[in-house]
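A quick write-up on the structure given underneath.
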Amino acid sequence: MFSESYHNRLLQSCSPVSRKQSVLVRPEPMDRFIPCRLGNTWQTSFQAIRRGTENQPAKKARGDGGGTDGTGGGRDHLAYACLLRNELLGAQIEELRGPPANCSDGNRAAIGTAQHASTVKAAQAYSPPVFKFRAPTCNAEENIDPSPYSLSPVSAKSQKLLRSPRKATRKISRIPFKVLDAPELQDDFYLNLVDWSAQNVLSVGLGSCVYLWSACTSQVTRLCDLSSEGNTVTSVAWSERGHQVAVGTQKGHISVWDVTVNKEVTKLQGHIARVGALAWNGDVLSSGSRDRHIRQRDTRCPPQQSGRVLQGHRQEVCGLKWSPDGQSLASGGNDNKLFVWSMHSTSPVQTYSAHVAAVKAIAWSPHQHGLLASGGGTADRCIRFWNTLTSQPMQCVDTGSQVCNLAWSKHSSELVSTHGYSQNQILVWKYPSLTQVAKLTGHSYRVLYLALSPDGEAIVTGAGDETLRFWNVFSKTPSHKENKSVLNLYTALR
């Protein structure tokens with residue numbers, strides 16, 4: 001056994017620094033600085049230490065409910081993170097901000113990640129330093145708990161954060177809730193063979209017949225058959241009250257049927273070619289034909305009266321829509337023109353020539369007076385918006401495919417569009433941001449036909465694949481209050 005003195009000498013000889021050198025590197029004796037740590041809360045301060053995660057990419061969300069997309073578990077995780085920052089770092093976050101519910105999946109994830117990063121940066125801006133070397137200077141009133149008798153384990157700011165209202169997540173089903181077979185449904189861009197009445201009855205033109213389908217009872221009845229006349233159905237349109245349906249034919253005449261008694265009440269002549277577009281305005285029926293003319297007739301008058309003839313299109317008229325106030329008629333044609341007509345003139349009062357393909361898709365906004373939307377064919381692919389009060393163009397969006405139909409929601413500033421070549425899809429848009437709310441697919445042919453349900457919640461689409469598909473795309477709850485102006489003379493009686 002070695003003695004203790006020998007052991008110490010052995011350690012000194014093995015040391016890389018000699019005794020003389022160790023004396024030289026030893027600091028000179030001085031007073032030691034002891035910081036005041038009375039006001040430090042180490043559990044809070046050490047949470048503020050950054051551990052090199054700033055430059056790491058955000059983890060990808062798992063599934064549909066994860067991430068910070070503002071839906072499902074992602075919003076819950078964001079709320080929990082804000083709650084922790086309030087309690088541990090004093091971030092004073094009172095409101096949970098998430099991405100809009102109407103964003104697409106990619107935009108929602110991007111917005112959620114950006115807002116999450118901004119929330120983290122805001123919280124870090126409020127985070128105290130790890131070490132404090134002087135007492136904080138604050139007023140005594142700031143340390144007073146606003147609710148000293150509260151039984152909640154969290155602060156008042158966190159309580160307000162937890163009580164903040166959460167927007168209900170809107171989910172649009174990507175699959176139709178009903179599919180009906182429609183044999184002999186023509187694959188013709190210029191026809192309008194589907195319409196939905198205010199009595200919740202769907203009318204469909206199939207070959208030479210018109211069929212009625214009740215959405216309440218699912219009962220199917222055949223209204224008329226034109227095969228004995230050697231004629232086919234080219235358009236159908238319900239009256240506003242839903243008790244009469246107009247049927248346009250290949251030979252140019254129009255039959256008006258009373259569906260309560262299944263009887264033809266009048267037959268209108270005048271067109272010399274097929275009637276592909278129909279539009280009601282009270283008891284006045286407007287019809288557009290391949291003969292390039294638009295005829296307006298009162299169905300209460302004898303059919304011998306010719307009515308008004310509107311001339312302006314140089315090719316087939318394939319789209320007709322009356323404004324909600326019944327004062328203006330919009331027409332689209334195969335000549336790439338969009339016309340607006342008044343009740344007091346047989347010439348168009350406005351002409352829009354921005355489209356470079358046939359204009360069939362036309363829709364008036366029920367929320368903004370004078371706002372008109374139109375869509376172009378395969379060579380155009382654009383949805384354009386027009387202010388008919390000032391005759392000025394507004395927004396425009398390129399959809400990437402043929403625009404076949406347009407329809408506005410009755411309760412919110414949204415619209416749906418159906419498309420043909422080459423996507424064969426259904427798109428729901430938010431206006432005026434023109435962001436896509438949903439994209440629905442399922443038809444294997446061009447989605448040529450579209451009708452809106454009377455409650456404004458569902459739509460039905462038809463295509464050359466001989467199917468009718470029903471989708472829930474709109475919400476019944478109004479998203480905003482409609483603006484009422486005293487300058488609008490058609491909203492109230494004087």
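The way I read the labels, and the way they are meant: chains A, B, ... in the order of the structure tokens, residue 1 as the first residue of every chain, and ligand 1 as the first ligand shown, with later ones counted on from there.
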
Could you give me, as an MDAnalysis selection string, the residues within 8 Å of region 282-297 of chain A, counting only C-alpha atoms and dropping anything in the same chain fewer than 5 positions from it? chainID A and resid 239:240 252 271:277 305:320

Identify, with DSSP run on backbone atoms, the residues in region 232-440 of chain A assigned to strand (DSSP E or B), and express the list as number ranges by chain. A: 233-238, 244-249, 254-258, 263-268, 275-281, 284-289, 293-298, 308-311, 317-322, 328-333, 338-342, 350-352, 359-364, 371-376, 382-387, 392-398, 403-408, 414-419, 425-430, 435-440

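Between CA of Ile383 (chain A) and CA of Gly332 (chain A) the interatomic distance comes to 13.2 Å.
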
Given the choices A:Leu440, A:Pro432, A:Met394, A:Val210, which gets closest to Val194 (chain A) if the distance is worked out from only C-alpha atoms? A:Val210

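Here the question is which of A:Pro165, A:Gly420, A:Gly205, A:Pro366 gets nearest to Glu466 (chain A) using only C-alpha atoms, and that residue is A:Gly205.
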
Contacts of region 371-373 of chain A within 8 Å, only C-alpha atoms, excl. fewer than 2 positions in-chain, as JSON, numbers by chain: {"A": [362, 363, 364, 365, 368, 369, 375, 383, 384, 385, 386, 387, 388, 406]}

Generate a file of the selected residues that holds N, CA and C atoms, formatted as an mmCIF file, in the first residue's frame.
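This is the output file result.cif:
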data_model
loop_
_atom_site.group_PDB
_atom_site.id
_atom_site.type_symbol
_atom_site.label_atom_id
_atom_site.label_comp_id
_atom_site.auth_asym_id
_atom_site.auth_seq_id
_atom_site.Cartn_x
_atom_site.Cartn_y
_atom_site.Cartn_z
ATOM 1 N N ILE A 362 -74.581 32.032 -66.862
ATOM 2 C CA ILE A 362 -74.951 33.387 -66.453
ATOM 3 C C ILE A 362 -75.643 33.303 -65.098
ATOM 4 N N ALA A 363 -75.327 34.215 -64.182
ATOM 5 C CA ALA A 363 -75.967 34.214 -62.856
ATOM 6 C C ALA A 363 -75.909 35.622 -62.267
ATOM 7 N N TRP A 364 -77.078 36.094 -61.799
ATOM 8 C CA TRP A 364 -77.177 37.372 -61.097
ATOM 9 C C TRP A 364 -77.017 37.131 -59.594
ATOM 10 N N SER A 365 -76.278 38.026 -58.947
ATOM 11 C CA SER A 365 -76.094 37.906 -57.505
ATOM 12 C C SER A 365 -77.363 38.319 -56.773
ATOM 13 N N GLN A 368 -75.896 41.414 -54.046
ATOM 14 C CA GLN A 368 -75.385 42.713 -54.475
ATOM 15 C C GLN A 368 -76.116 43.143 -55.737
ATOM 16 N N HIS A 369 -76.834 44.231 -55.648
ATOM 17 C CA HIS A 369 -77.658 44.695 -56.755
ATOM 18 C C HIS A 369 -76.794 45.049 -57.963
ATOM 19 N N GLY A 375 -69.670 32.982 -67.519
ATOM 20 C CA GLY A 375 -68.572 32.056 -67.775
ATOM 21 C C GLY A 375 -68.460 31.721 -69.247
ATOM 22 N N ILE A 383 -64.356 32.928 -65.530
ATOM 23 C CA ILE A 383 -65.556 33.475 -64.900
ATOM 24 C C ILE A 383 -65.303 34.963 -64.687
ATOM 25 N N ARG A 384 -66.181 35.774 -65.243
ATOM 26 C CA ARG A 384 -66.033 37.223 -65.150
ATOM 27 C C ARG A 384 -67.218 37.824 -64.404
ATOM 28 N N PHE A 385 -66.933 38.910 -63.691
ATOM 29 C CA PHE A 385 -67.949 39.597 -62.909
ATOM 30 C C PHE A 385 -68.095 41.019 -63.432
ATOM 31 N N TRP A 386 -69.361 41.464 -63.526
ATOM 32 C CA TRP A 386 -69.668 42.756 -64.128
ATOM 33 C C TRP A 386 -70.562 43.567 -63.202
ATOM 34 N N ASN A 387 -70.282 44.860 -63.138
ATOM 35 C CA ASN A 387 -71.149 45.793 -62.440
ATOM 36 C C ASN A 387 -72.070 46.421 -63.477
ATOM 37 N N THR A 388 -73.294 45.912 -63.564
ATOM 38 C CA THR A 388 -74.206 46.401 -64.596
ATOM 39 C C THR A 388 -74.765 47.777 -64.271
ATOM 40 N N LEU A 406 -73.378 28.483 -63.816
ATOM 41 C CA LEU A 406 -73.084 29.261 -62.617
ATOM 42 C C LEU A 406 -74.366 29.407 -61.794
#

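Taking only C-alpha atoms into account, Arg469 (chain A) lies nearest to A:Thr441 out of the set A:Asn262, A:Thr441, A:Ser164, A:Thr435.
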
Can you tell me, as a compact mmCIF listing (two decimals) with N, CA, C and O atoms, in the first residue's frame, what residues are no more than 12 Å from Thr399 (chain A) when counting only C-alpha atoms, ignoring any on the same chain fewer than 5 positions away?
# COMPACT_ATOMS: atom_id res chain seq x y z
N GLY A 375 -69.67 32.98 -67.52
CA GLY A 375 -68.57 32.06 -67.77
C GLY A 375 -68.46 31.72 -69.25
O GLY A 375 -69.47 31.62 -69.95
N GLY A 376 -67.24 31.55 -69.72
CA GLY A 376 -66.97 31.26 -71.12
C GLY A 376 -66.70 29.80 -71.38
O GLY A 376 -66.48 29.00 -70.46
N GLY A 377 -66.72 29.42 -72.66
CA GLY A 377 -66.54 28.04 -73.07
C GLY A 377 -65.10 27.58 -73.05
O GLY A 377 -64.25 28.12 -72.33
N THR A 378 -64.82 26.57 -73.88
CA THR A 378 -63.53 25.89 -73.82
C THR A 378 -62.36 26.82 -74.13
O THR A 378 -61.31 26.75 -73.48
N ALA A 379 -62.51 27.69 -75.09
CA ALA A 379 -61.41 28.60 -75.46
C ALA A 379 -61.25 29.76 -74.49
O ALA A 379 -60.25 30.48 -74.55
N ASP A 380 -62.20 29.94 -73.58
CA ASP A 380 -62.16 31.08 -72.66
C ASP A 380 -61.81 30.64 -71.24
O ASP A 380 -60.86 31.15 -70.63
N ARG A 381 -62.63 29.75 -70.67
CA ARG A 381 -62.38 29.12 -69.37
C ARG A 381 -62.46 30.09 -68.19
O ARG A 381 -62.08 29.74 -67.08
N CYS A 382 -62.93 31.31 -68.40
CA CYS A 382 -62.91 32.33 -67.35
C CYS A 382 -64.31 32.61 -66.81
O CYS A 382 -65.30 32.54 -67.55
N ILE A 383 -64.36 32.93 -65.53
CA ILE A 383 -65.56 33.47 -64.90
C ILE A 383 -65.30 34.96 -64.69
O ILE A 383 -64.33 35.34 -64.04
N ARG A 384 -66.18 35.77 -65.24
CA ARG A 384 -66.03 37.22 -65.15
C ARG A 384 -67.22 37.82 -64.40
O ARG A 384 -68.34 37.32 -64.49
N CYS A 404 -69.65 25.71 -67.74
CA CYS A 404 -70.95 25.31 -68.27
C CYS A 404 -72.11 25.98 -67.54
O CYS A 404 -73.12 26.31 -68.18
N VAL A 416 -71.37 28.55 -57.20
CA VAL A 416 -70.89 27.26 -57.67
C VAL A 416 -70.83 27.30 -59.18
O VAL A 416 -71.66 27.92 -59.85
N SER A 417 -69.82 26.65 -59.73
CA SER A 417 -69.63 26.57 -61.17
C SER A 417 -69.42 25.11 -61.55
O SER A 417 -68.78 24.35 -60.81
N THR A 418 -69.97 24.73 -62.70
CA THR A 418 -69.74 23.39 -63.23
C THR A 418 -68.93 23.52 -64.51
O THR A 418 -69.05 24.50 -65.25
N HIS A 419 -68.14 22.48 -64.78
CA HIS A 419 -67.14 22.60 -65.83
C HIS A 419 -67.14 21.37 -66.73
O HIS A 419 -67.51 20.27 -66.32
N GLY A 420 -66.70 21.61 -67.96
CA GLY A 420 -66.57 20.55 -68.95
C GLY A 420 -65.12 20.26 -69.25
O GLY A 420 -64.33 20.01 -68.34
N TYR A 421 -64.76 20.34 -70.54
CA TYR A 421 -63.38 20.05 -70.93
C TYR A 421 -62.42 20.96 -70.17
O TYR A 421 -62.58 22.17 -70.15
N SER A 422 -61.44 20.44 -69.46
CA SER A 422 -61.18 19.01 -69.47
C SER A 422 -61.25 18.41 -68.06
O SER A 422 -60.93 17.25 -67.86
N GLN A 423 -61.72 19.20 -67.09
CA GLN A 423 -61.69 18.75 -65.71
C GLN A 423 -62.97 18.00 -65.30
O GLN A 423 -62.93 17.16 -64.41
N ASN A 424 -64.12 18.38 -65.90
CA ASN A 424 -65.41 17.77 -65.54
C ASN A 424 -65.66 17.84 -64.04
O ASN A 424 -66.03 16.86 -63.40
N GLN A 425 -65.48 19.01 -63.47
CA GLN A 425 -65.55 19.17 -62.03
C GLN A 425 -66.58 20.21 -61.63
O GLN A 425 -67.15 20.91 -62.46
N ILE A 426 -66.81 20.30 -60.33
CA ILE A 426 -67.73 21.28 -59.73
C ILE A 426 -66.92 22.06 -58.71
O ILE A 426 -66.29 21.47 -57.82
N LEU A 427 -66.94 23.39 -58.81
CA LEU A 427 -66.16 24.25 -57.92
C LEU A 427 -67.09 25.18 -57.16
O LEU A 427 -68.05 25.71 -57.71
N VAL A 428 -66.79 25.36 -55.87
CA VAL A 428 -67.49 26.31 -55.02
C VAL A 428 -66.53 27.44 -54.71
O VAL A 428 -65.40 27.20 -54.24
N TRP A 429 -66.99 28.69 -54.97
CA TRP A 429 -66.13 29.87 -54.84
C TRP A 429 -66.67 30.79 -53.76
O TRP A 429 -67.88 30.88 -53.55
N LEU A 434 -62.71 35.12 -54.34
CA LEU A 434 -62.57 34.13 -55.40
C LEU A 434 -61.63 33.00 -55.01
O LEU A 434 -60.86 32.48 -55.82
N THR A 435 -61.68 32.62 -53.75
CA THR A 435 -60.96 31.44 -53.28
C THR A 435 -61.86 30.22 -53.39
O THR A 435 -63.07 30.32 -53.20
N GLN A 436 -61.27 29.10 -53.69
CA GLN A 436 -62.03 27.87 -53.84
C GLN A 436 -62.38 27.29 -52.47
O GLN A 436 -61.49 27.04 -51.65
N LYS A 439 -63.85 21.47 -54.20
CA LYS A 439 -63.80 20.93 -55.56
C LYS A 439 -64.39 19.54 -55.52
O LYS A 439 -63.92 18.67 -54.78

Residues within 7 Å of Pro454 (chain A), please, as number ranges by chain. Count only C-alpha atoms; anything in the same chain fewer than 2 positions from it doesn't count. A: 197-198, 200, 452, 456

Go ahead and save the picked residues with C-alpha atoms, as a PDB file, in the first residue's frame.
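out31.pdb was written with the following content:
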ATOM      1  CA  SER A 197     -88.940  24.172 -58.793  1.00  0.00           C
ATOM      2  CA  ALA A 198     -89.996  26.107 -55.717  1.00  0.00           C
ATOM      3  CA  ASN A 200     -89.176  20.890 -54.592  1.00  0.00           C
ATOM      4  CA  LEU A 452     -80.309  24.865 -57.156  1.00  0.00           C
ATOM      5  CA  GLY A 456     -80.618  26.994 -51.337  1.00  0.00           C
TER       6      GLY A 456
END

Mind listing the alpha helix (DSSP H) residues of region 145-365 of chain A, per DSSP on the backbone, as a VMD selection string? chain A and resid 156 to 163

What separates CA of Thr346 (chain A) and CA of Ala279 (chain A) is a distance of 16.7 Å

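Using only C-alpha atoms, the shortest contact distance between Phe189 (chain A) and any of A:Phe339, A:Trp408, A:Trp322, A:Tyr445 is found at A:Tyr445.
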